[in-house]
Amino acid sequence: MLSTTAQSQLCRLRPIPALKPRPLTTTSSSLLTDQSPPSTSPPPPPSQILTLRRSLLSRQVTAVQIAESYLARLRLTEPHLNSFLHVSDSVVREAQSIDDRISRDEDVGPLAGVLVGVKDNMCTADMPSTGGSRILEGYRPPFDATAVRKVRELGGIVVGKTNLDEFGMGSTTEGSAYKVTANPWDVSRVPGGSSGGSAAAVSARQCMVALGSDTGGSVRQPASFCGVVGLKPTYGRVSRYGLMAYASSLDVIGCFGSSVADTAILLNAISGHDRRDATSSKREVPDFISHFTASNTLEDKPLEGMRVGLICETLGSGVDSGVVSVINAAASHMEELGCIVKEVSLPSFSLGLPAYYILASSESSSNLSRYDGVRYGSQAVADELSSLYGVSRAEGFGSEVKRRILMGTYALSAGYYDAYYKRAQQVRTIIQKSFKAALDENDILISPAAPSAAYKIGEKKNDPLAMYAGDIMTVNVNLAGLPALVLPSGFVDGGPFSLPVGLQMIGAAFDEEKLLKVGHIFEQTLRGRRFVPPIIEDDNTC
């Protein structure tokens with residue numbers, strides 16, 4: 001049993017069958033609405049990672065105690081959520097190694113004892129890496145992805161591999177070949193995708209932080225659905241080496257955390273140039289939390305003069321009224337913090353969705369040609385080589401992956417290349433220019449992260465066009481290669497509990513530092529409102 005001090009670092013568990021609906025206390029679409037009555041307890045610390053580090057180094061708690069508590073919560077909640085495809089069997093052993101180093105007064109890394117979930121499209125040498133696909137069932141790569149290696153080198157403990165839509169192709173995590181992940185706020189709803197497993201795991205406090213990948217919104221939309229912080233870095237900020245390629249010009253490794261500070265610390269850990277990835281930037285990586293300001297030292301208007309552009313195309317037809325209310329309330333809150341908020345128009349915004357799906361599908365049709373049943377994963381029994389290729393891919397790929405390979409191959413075929421792929425690249429250039437113009441006049445841009453809150457499992461599974469349309473808020477950012485931060489900003493009605501809605505902040509290339517600083521102030525000024533799902537009991541640290 002953990003001591004009282006140790007327990008104060010952790011979220012207490014609540015048996016799921018005992019959950020009962022709690023009524024909303026104020027208008028559900030309000031920025032400051034919580035799903036429970038206002039708490040008199042102090043607000044949560046700005047960073048679980050920093051709190052853990054202080055507790056470890058002061059010997060108030062051990063890494064083994066932390067690991068065992070998180071694993072206990074994972075075992076309790078995982079049958080209801082299915083966040084993980086594989087859980088490491090070496091977590092406690094690695095935690096003990098950290099405790100041994102601390103007992104010898106040796107230096108430990110900034111992520112010492114931090115349990116990190118890793119999306120299963122990133123290579124890990126000691127665990128299966130399937131990409132959520134049957135074609136890679138049982139595959140164990142001989143190396144760690146660069147981002148995973150950096151996490152380990154800084155003391156992080158990989159707790160397991162999280163579920164995803166197959167090869168990152170989907171928006172619900174229903175496209176996994178192995179299981180369907182549920183949303184911790186309502187287990188009858190999707191967690192978003194394709195990084196739904198990572199988002200659900202952080203939301204349910206099965207791990208402290210998690211890595212995901214974002215090709216068209218796969219970090220940001222699940223962050224919104226699950227009420228956590230999600231960051232898509234600038235293209236090139238983080239090495240893609242060891243990330244299973246979907247669309248190489250769009251793929252980015254991103255971060256999930258329950259606070260902006262934790263997300264920033266994880267980004268610091270994985271950023272930087274990598275000689276194994278020619279697209280990774282050589283820009284110096286700043287200390288993303290060095291300019292964070294504690295809540296008790298904030299000025300009355302800490303964002304005085306900050307120019308914020310609210311993208312008007314993101315609040316029109318097709319966006320739920322509750323989401324619009326939350327975003328408008330968030331904009332008003334930013335004005336209270338001193339921001340100058342005005343509407344901006346990006347006329348090319350609606351062009352992003354079709355351009356994205358042409359480009360992403362075209363690149364995936366090339367990238368996924370490597371999965372032929374010979375070099376990786378499962379292999380079909382066949383008498384001829386051509387049959388082996390065909391049967392292995394037919395049996396190994398799911399329906400959505402096949403659909404996108406076919407679309408991409410068609411778009412790249414002779415006679416159609418100019419009409420589809422070339423035109424989509426031209427649209428991409430237009431989108432990049434429109435974002436640059438908007439960001440020349442504004443410090444950041446804001447919008448919803450998704451047109452709705454989380455919807456029911458199965459609701460859009462058989463309607464791919466409806467699922468694709470849900471990416472309208474996020475794909476343009478990938479086409480422009482810009483960074484974007486999503487953080488929970490309010491609630492809407494849905495099911496027995498209210499559902500979280502995320503605000504998306506978009507910045508100029510390689511300006512994650514500004515996004516995180518603004519997000520940190522925004523988060524702290526929500527005055528004790530905590531986005532903790534009903535699957536766990538909230539306390540002072542959740």
# chains A, B, ... in the order shown; residues from 1 in each chain; ligands from 1
>>> select_by_dssp(residues="segment 292-321 of chain A", states="strand (DSSP E or B)", output="list in words")
Arg307, Val308, Gly309, Leu310 and Ile311 of chain A
>>> write_last_selection(atoms="N, CA and C atoms", output="mmCIF file, in the first residue's frame")
data_model
loop_
_atom_site.group_PDB
_atom_site.id
_atom_site.type_symbol
_atom_site.label_atom_id
_atom_site.label_comp_id
_atom_site.auth_asym_id
_atom_site.auth_seq_id
_atom_site.Cartn_x
_atom_site.Cartn_y
_atom_site.Cartn_z
ATOM 1 N N ARG A 307 -2.013 38.960 -30.700
ATOM 2 C CA ARG A 307 -2.974 39.001 -31.808
ATOM 3 C C ARG A 307 -3.418 37.580 -32.145
ATOM 4 N N VAL A 308 -4.713 37.348 -32.040
ATOM 5 C CA VAL A 308 -5.277 36.011 -32.239
ATOM 6 C C VAL A 308 -6.314 36.071 -33.354
ATOM 7 N N GLY A 309 -6.149 35.224 -34.357
ATOM 8 C CA GLY A 309 -7.102 35.156 -35.461
ATOM 9 C C GLY A 309 -8.007 33.947 -35.327
ATOM 10 N N LEU A 310 -9.304 34.182 -35.243
ATOM 11 C CA LEU A 310 -10.291 33.113 -35.184
ATOM 12 C C LEU A 310 -10.723 32.789 -36.613
ATOM 13 N N ILE A 311 -10.412 31.597 -37.088
ATOM 14 C CA ILE A 311 -10.686 31.220 -38.477
ATOM 15 C C ILE A 311 -12.194 31.062 -38.662
#
>>> residues_around(residues="segment 446-448 of chain A", least_positions_apart="3", cutoff="9 Å", atoms="only C-alpha atoms", output="PyMOL selection string")
chain A and resi 224+308-315+319+323-324+326-327+331+451-452+473-474+486+501-506
>>> residues_around(residues="Leu351 of chain A", least_positions_apart="6", cutoff="12 Å", atoms="only C-alpha atoms", output="PyMOL selection string")
chain A and resi 313+357-358+423-432+434+469+472-473+475-476+479
>>> write_last_selection(atoms="N, CA, C and O atoms", output="tab-separated table (two decimals), in the first residue's frame")
chain	number	residue	atom	x	y	z
A	313	GLU	N	-14.04	30.25	-41.19
A	313	GLU	CA	-14.52	29.09	-41.95
A	313	GLU	C	-14.71	27.85	-41.08
A	313	GLU	O	-15.32	26.88	-41.51
A	357	TYR	N	-6.61	14.19	-48.98
A	357	TYR	CA	-6.88	12.77	-49.21
A	357	TYR	C	-6.28	12.26	-50.52
A	357	TYR	O	-5.93	11.08	-50.64
A	358	ILE	N	-6.11	13.14	-51.49
A	358	ILE	CA	-5.41	12.73	-52.71
A	358	ILE	C	-3.93	12.53	-52.42
A	358	ILE	O	-3.33	11.51	-52.78
A	423	ARG	N	-2.64	18.68	-59.23
A	423	ARG	CA	-3.54	19.75	-58.81
A	423	ARG	C	-3.59	19.84	-57.29
A	423	ARG	O	-3.64	20.94	-56.73
A	424	ALA	N	-3.57	18.70	-56.61
A	424	ALA	CA	-3.57	18.71	-55.15
A	424	ALA	C	-2.32	19.37	-54.61
A	424	ALA	O	-2.37	20.10	-53.60
A	425	GLN	N	-1.18	19.16	-55.25
A	425	GLN	CA	0.05	19.83	-54.82
A	425	GLN	C	-0.04	21.34	-55.03
A	425	GLN	O	0.48	22.13	-54.22
A	426	GLN	N	-0.71	21.75	-56.10
A	426	GLN	CA	-0.90	23.18	-56.33
A	426	GLN	C	-1.80	23.79	-55.24
A	426	GLN	O	-1.53	24.90	-54.76
A	427	VAL	N	-2.84	23.05	-54.85
A	427	VAL	CA	-3.71	23.51	-53.77
A	427	VAL	C	-2.93	23.61	-52.47
A	427	VAL	O	-3.10	24.55	-51.68
A	428	ARG	N	-2.04	22.67	-52.25
A	428	ARG	CA	-1.21	22.68	-51.04
A	428	ARG	C	-0.40	23.97	-50.96
A	428	ARG	O	-0.28	24.59	-49.90
A	429	THR	N	0.15	24.40	-52.07
A	429	THR	CA	0.93	25.64	-52.10
A	429	THR	C	0.04	26.84	-51.78
A	429	THR	O	0.45	27.75	-51.04
A	430	ILE	N	-1.18	26.85	-52.30
A	430	ILE	CA	-2.12	27.93	-52.01
A	430	ILE	C	-2.42	27.98	-50.51
A	430	ILE	O	-2.47	29.05	-49.90
A	431	ILE	N	-2.64	26.81	-49.91
A	431	ILE	CA	-2.94	26.73	-48.48
A	431	ILE	C	-1.77	27.24	-47.65
A	431	ILE	O	-1.93	27.99	-46.68
A	432	GLN	N	-0.56	26.86	-48.03
A	432	GLN	CA	0.62	27.33	-47.31
A	432	GLN	C	0.73	28.85	-47.36
A	432	GLN	O	1.03	29.50	-46.35
A	434	SER	N	-1.76	31.00	-47.80
A	434	SER	CA	-2.85	31.64	-47.05
A	434	SER	C	-2.58	31.60	-45.55
A	434	SER	O	-2.86	32.57	-44.84
A	469	ALA	N	-14.82	13.72	-43.57
A	469	ALA	CA	-15.26	15.11	-43.38
A	469	ALA	C	-14.91	15.62	-41.99
A	469	ALA	O	-14.74	16.83	-41.79
A	472	ILE	N	-11.75	18.03	-41.39
A	472	ILE	CA	-11.70	19.34	-42.03
A	472	ILE	C	-10.93	20.36	-41.20
A	472	ILE	O	-10.28	21.26	-41.74
A	473	MET	N	-10.97	20.25	-39.85
A	473	MET	CA	-10.33	21.25	-38.99
A	473	MET	C	-8.81	21.09	-38.90
A	473	MET	O	-8.11	22.02	-38.49
A	475	VAL	N	-6.55	18.96	-41.28
A	475	VAL	CA	-5.67	18.56	-42.39
A	475	VAL	C	-4.90	19.72	-42.98
A	475	VAL	O	-3.76	19.55	-43.45
A	476	ASN	N	-5.48	20.93	-42.96
A	476	ASN	CA	-4.79	22.07	-43.55
A	476	ASN	C	-3.46	22.35	-42.84
A	476	ASN	O	-2.49	22.80	-43.47
A	479	LEU	N	-0.89	20.07	-44.26
A	479	LEU	CA	-0.50	20.49	-45.60
A	479	LEU	C	0.45	21.68	-45.55
A	479	LEU	O	1.34	21.81	-46.39
>>> residues_around(residues="Ser198 of chain A", least_positions_apart="2", cutoff="7 Å", atoms="only C-alpha atoms", output="PyMOL selection string")
chain A and resi 83+117-119+162+195-196+200-202+210-212
>>> select_by_dssp(residues="segment 388-486 of chain A", states="alpha helix (DSSP H)", output="number ranges by chain")
A: 388-396, 399-412, 423-441, 464-469, 475-480
>>> closest_atom_pairs(of="segment 487-528 of chain A", to="segment 182-191 of chain A", cutoff="12 Å", atoms="only C-alpha atoms", output="JSON lines")
{"residue": "A:Phe491", "atom": "CA", "partner": "A:Trp185", "partner_atom": "CA", "distance": 11.1}
{"residue": "A:Val492", "atom": "CA", "partner": "A:Trp185", "partner_atom": "CA", "distance": 11.8}
{"residue": "A:Asp493", "atom": "CA", "partner": "A:Trp185", "partner_atom": "CA", "distance": 11.6}
{"residue": "A:Gly494", "atom": "CA", "partner": "A:Asp186", "partner_atom": "CA", "distance": 8.6}
{"residue": "A:Gly495", "atom": "CA", "partner": "A:Asp186", "partner_atom": "CA", "distance": 7.1}
{"residue": "A:Pro496", "atom": "CA", "partner": "A:Asp186", "partner_atom": "CA", "distance": 7.6}
{"residue": "A:Phe497", "atom": "CA", "partner": "A:Trp185", "partner_atom": "CA", "distance": 7.0}
{"residue": "A:Ser498", "atom": "CA", "partner": "A:Trp185", "partner_atom": "CA", "distance": 7.8}
{"residue": "A:Leu499", "atom": "CA", "partner": "A:Trp185", "partner_atom": "CA", "distance": 6.6}
{"residue": "A:Pro500", "atom": "CA", "partner": "A:Trp185", "partner_atom": "CA", "distance": 8.2}
{"residue": "A:Val501", "atom": "CA", "partner": "A:Trp185", "partner_atom": "CA", "distance": 11.6}
>>> write_last_selection(atoms="N, CA and C atoms", output="PDB file, in the first residue's frame")
ATOM      1  N   PHE A 491     -17.069  21.847 -22.423  1.00  0.00           N
ATOM      2  CA  PHE A 491     -17.854  20.617 -22.509  1.00  0.00           C
ATOM      3  C   PHE A 491     -19.138  20.856 -23.298  1.00  0.00           C
ATOM      4  N   VAL A 492     -19.645  19.781 -23.890  1.00  0.00           N
ATOM      5  CA  VAL A 492     -20.976  19.770 -24.484  1.00  0.00           C
ATOM      6  C   VAL A 492     -21.733  18.575 -23.924  1.00  0.00           C
ATOM      7  N   ASP A 493     -23.038  18.605 -24.052  1.00  0.00           N
ATOM      8  CA  ASP A 493     -23.849  17.483 -23.592  1.00  0.00           C
ATOM      9  C   ASP A 493     -23.565  16.254 -24.434  1.00  0.00           C
ATOM     10  N   GLY A 494     -23.667  15.084 -23.809  1.00  0.00           N
ATOM     11  CA  GLY A 494     -23.512  13.842 -24.541  1.00  0.00           C
ATOM     12  C   GLY A 494     -23.510  12.656 -23.613  1.00  0.00           C
ATOM     13  N   GLY A 495     -24.473  11.744 -23.783  1.00  0.00           N
ATOM     14  CA  GLY A 495     -24.526  10.541 -22.971  1.00  0.00           C
ATOM     15  C   GLY A 495     -24.753  10.850 -21.500  1.00  0.00           C
ATOM     16  N   PRO A 496     -24.354   9.930 -20.631  1.00  0.00           N
ATOM     17  CA  PRO A 496     -24.564  10.134 -19.192  1.00  0.00           C
ATOM     18  C   PRO A 496     -23.673  11.223 -18.607  1.00  0.00           C
ATOM     19  N   PHE A 497     -22.589  11.551 -19.293  1.00  0.00           N
ATOM     20  CA  PHE A 497     -21.672  12.588 -18.831  1.00  0.00           C
ATOM     21  C   PHE A 497     -21.487  13.608 -19.939  1.00  0.00           C
ATOM     22  N   SER A 498     -21.009  14.760 -19.596  1.00  0.00           N
ATOM     23  CA  SER A 498     -20.649  15.738 -20.613  1.00  0.00           C
ATOM     24  C   SER A 498     -19.386  15.287 -21.337  1.00  0.00           C
ATOM     25  N   LEU A 499     -19.183  15.812 -22.547  1.00  0.00           N
ATOM     26  CA  LEU A 499     -18.056  15.416 -23.382  1.00  0.00           C
ATOM     27  C   LEU A 499     -17.138  16.606 -23.611  1.00  0.00           C
ATOM     28  N   PRO A 500     -15.822  16.388 -23.552  1.00  0.00           N
ATOM     29  CA  PRO A 500     -14.874  17.498 -23.712  1.00  0.00           C
ATOM     30  C   PRO A 500     -14.770  17.979 -25.155  1.00  0.00           C
ATOM     31  N   VAL A 501     -14.413  19.239 -25.299  1.00  0.00           N
ATOM     32  CA  VAL A 501     -14.179  19.854 -26.605  1.00  0.00           C
ATOM     33  C   VAL A 501     -12.848  20.579 -26.543  1.00  0.00           C
TER      34      VAL A 501
END
>>> closest_residue(among="A:Ile457, A:Val260, A:Met208, A:Val518", to="Cys339 of chain A", atoms="only C-alpha atoms")
A:Val518
>>> residues_around(residues="Val151 of chain A", least_positions_apart="3", cutoff="12 Å", atoms="only C-alpha atoms", output="ChimeraX atom specification")
/A:109-118,124,144-148,154-159,209-211,255,265-271
>>> residues_around(residues="segment 401-418 of chain A", least_positions_apart="2", cutoff="6 Å", atoms="only C-alpha atoms", output="PyMOL selection string")
chain A and resi 361-362+365+398-399+420-422
>>> residues_around(residues="Leu337 of chain A", least_positions_apart="6", cutoff="12 Å", atoms="only C-alpha atoms", output="JSON list (two decimals) with N, CA and C atoms, in the first residue's frame")
[["chain", "number", "residue", "atom", "x", "y", "z"],
["A", 298, "LEU", "N", 0.96, 35.44, -12.36],
["A", 298, "LEU", "CA", 0.42, 35.98, -13.60],
["A", 298, "LEU", "C", -0.10, 37.41, -13.38],
["A", 299, "GLU", "N", 0.10, 38.24, -14.38],
["A", 299, "GLU", "CA", -0.47, 39.58, -14.35],
["A", 299, "GLU", "C", -1.96, 39.50, -14.65],
["A", 300, "ASP", "N", -2.66, 40.65, -14.51],
["A", 300, "ASP", "CA", -4.09, 40.67, -14.78],
["A", 300, "ASP", "C", -4.40, 40.31, -16.23],
["A", 301, "LYS", "N", -3.56, 40.78, -17.11],
["A", 301, "LYS", "CA", -3.71, 40.47, -18.54],
["A", 301, "LYS", "C", -2.39, 39.94, -19.07],
["A", 302, "PRO", "N", -2.11, 38.67, -18.80],
["A", 302, "PRO", "CA", -0.80, 38.11, -19.13],
["A", 302, "PRO", "C", -0.52, 37.98, -20.63],
["A", 303, "LEU", "N", -1.56, 38.05, -21.45],
["A", 303, "LEU", "CA", -1.38, 37.95, -22.91],
["A", 303, "LEU", "C", -1.67, 39.29, -23.58],
["A", 304, "GLU", "N", -1.41, 40.37, -22.89],
["A", 304, "GLU", "CA", -1.68, 41.71, -23.40],
["A", 304, "GLU", "C", -1.03, 41.92, -24.76],
["A", 305, "GLY", "N", -1.88, 42.31, -25.75],
["A", 305, "GLY", "CA", -1.37, 42.63, -27.09],
["A", 305, "GLY", "C", -1.22, 41.44, -28.02],
["A", 306, "MET", "N", -1.41, 40.23, -27.52],
["A", 306, "MET", "CA", -1.31, 39.05, -28.37],
["A", 306, "MET", "C", -2.40, 39.08, -29.44],
["A", 307, "ARG", "N", -2.01, 38.96, -30.70],
["A", 307, "ARG", "CA", -2.97, 39.00, -31.81],
["A", 307, "ARG", "C", -3.42, 37.58, -32.15],
["A", 308, "VAL", "N", -4.71, 37.35, -32.04],
["A", 308, "VAL", "CA", -5.28, 36.01, -32.24],
["A", 308, "VAL", "C", -6.31, 36.07, -33.35],
["A", 330, "ALA", "N", -14.05, 30.35, -25.56],
["A", 330, "ALA", "CA", -12.59, 30.33, -25.44],
["A", 330, "ALA", "C", -11.98, 31.62, -25.99],
["A", 331, "ALA", "N", -12.52, 32.10, -27.11],
["A", 331, "ALA", "CA", -12.04, 33.35, -27.68],
["A", 331, "ALA", "C", -12.30, 34.52, -26.72],
["A", 518, "VAL", "N", 1.31, 30.27, -24.54],
["A", 518, "VAL", "CA", -0.08, 30.74, -24.54],
["A", 518, "VAL", "C", -1.00, 29.67, -23.97],
["A", 519, "GLY", "N", -0.79, 28.42, -24.42],
["A", 519, "GLY", "CA", -1.62, 27.32, -23.93],
["A", 519, "GLY", "C", -1.50, 27.12, -22.43],
["A", 521, "ILE", "N", -0.81, 29.43, -20.14],
["A", 521, "ILE", "CA", -1.56, 30.50, -19.46],
["A", 521, "ILE", "C", -3.06, 30.25, -19.57],
["A", 522, "PHE", "N", -3.51, 29.88, -20.76],
["A", 522, "PHE", "CA", -4.93, 29.59, -20.96],
["A", 522, "PHE", "C", -5.39, 28.48, -20.00],
["A", 523, "GLU", "N", -4.60, 27.43, -19.93],
["A", 523, "GLU", "CA", -4.92, 26.27, -19.09],
["A", 523, "GLU", "C", -5.00, 26.65, -17.61],
["A", 524, "GLN", "N", -4.04, 27.44, -17.15],
["A", 524, "GLN", "CA", -3.99, 27.81, -15.73],
["A", 524, "GLN", "C", -5.14, 28.73, -15.32],
["A", 525, "THR", "N", -5.63, 29.52, -16.25],
["A", 525, "THR", "CA", -6.66, 30.50, -15.91],
["A", 525, "THR", "C", -8.07, 29.93, -16.01],
["A", 526, "LEU", "N", -8.18, 28.63, -16.17],
["A", 526, "LEU", "CA", -9.50, 27.98, -16.11],
["A", 526, "LEU", "C", -9.95, 27.77, -14.67]]
>>> closest_atom_pairs(of="segment 177-229 of chain A", to="segment 487-490 of chain A", cutoff="8 Å", atoms="only C-alpha atoms", output="Markdown table")
| residue | atom | partner | partner_atom | distance |
| --- | --- | --- | --- | --- |
| A:Ala223 | CA | A:Leu487 | CA | 7.3 |
| A:Ser224 | CA | A:Pro488 | CA | 6.3 |
| A:Gly227 | CA | A:Pro488 | CA | 5.2 |
| A:Val228 | CA | A:Pro488 | CA | 6.1 |
| A:Val229 | CA | A:Leu487 | CA | 4.5 |
>>> write_last_selection(atoms="C-alpha atoms", output="compact mmCIF listing (two decimals), in the first residue's frame")
# COMPACT_ATOMS: atom_id res chain seq x y z
CA ALA A 223 -6.94 14.99 -27.81
CA SER A 224 -10.16 16.94 -28.26
CA GLY A 227 -10.06 15.90 -23.02
CA VAL A 228 -6.25 15.91 -23.01
CA VAL A 229 -3.52 18.13 -24.43
>>> closest_residue(among="A:Ile98, A:Leu85, A:Ala466, A:Leu50", to="Thr62 of chain A", atoms="only C-alpha atoms")
A:Ile98
>>> closest_residue(among="A:Ala454, A:Val61, A:Leu485, A:Leu71", to="Gly193 of chain A", atoms="only C-alpha atoms")
A:Ala454
>>> closest_residue(among="A:Ser103, A:Ser239, A:Asn121, A:Ser90", to="Leu56 of chain A", atoms="only C-alpha atoms")
A:Ser103
>>> atom_distance(atom1="atom CA of Glu174 of chain A", atom2="atom CA of Ser258 of chain A")
23.4 Å
>>> atom_distance(atom1="atom CA of Gly338 of chain A", atom2="atom CA of Ala449 of chain A")
22.9 Å
>>> atom_distance(atom1="atom CA of Ser213 of chain A", atom2="atom CA of Thr263 of chain A")
13.9 Å
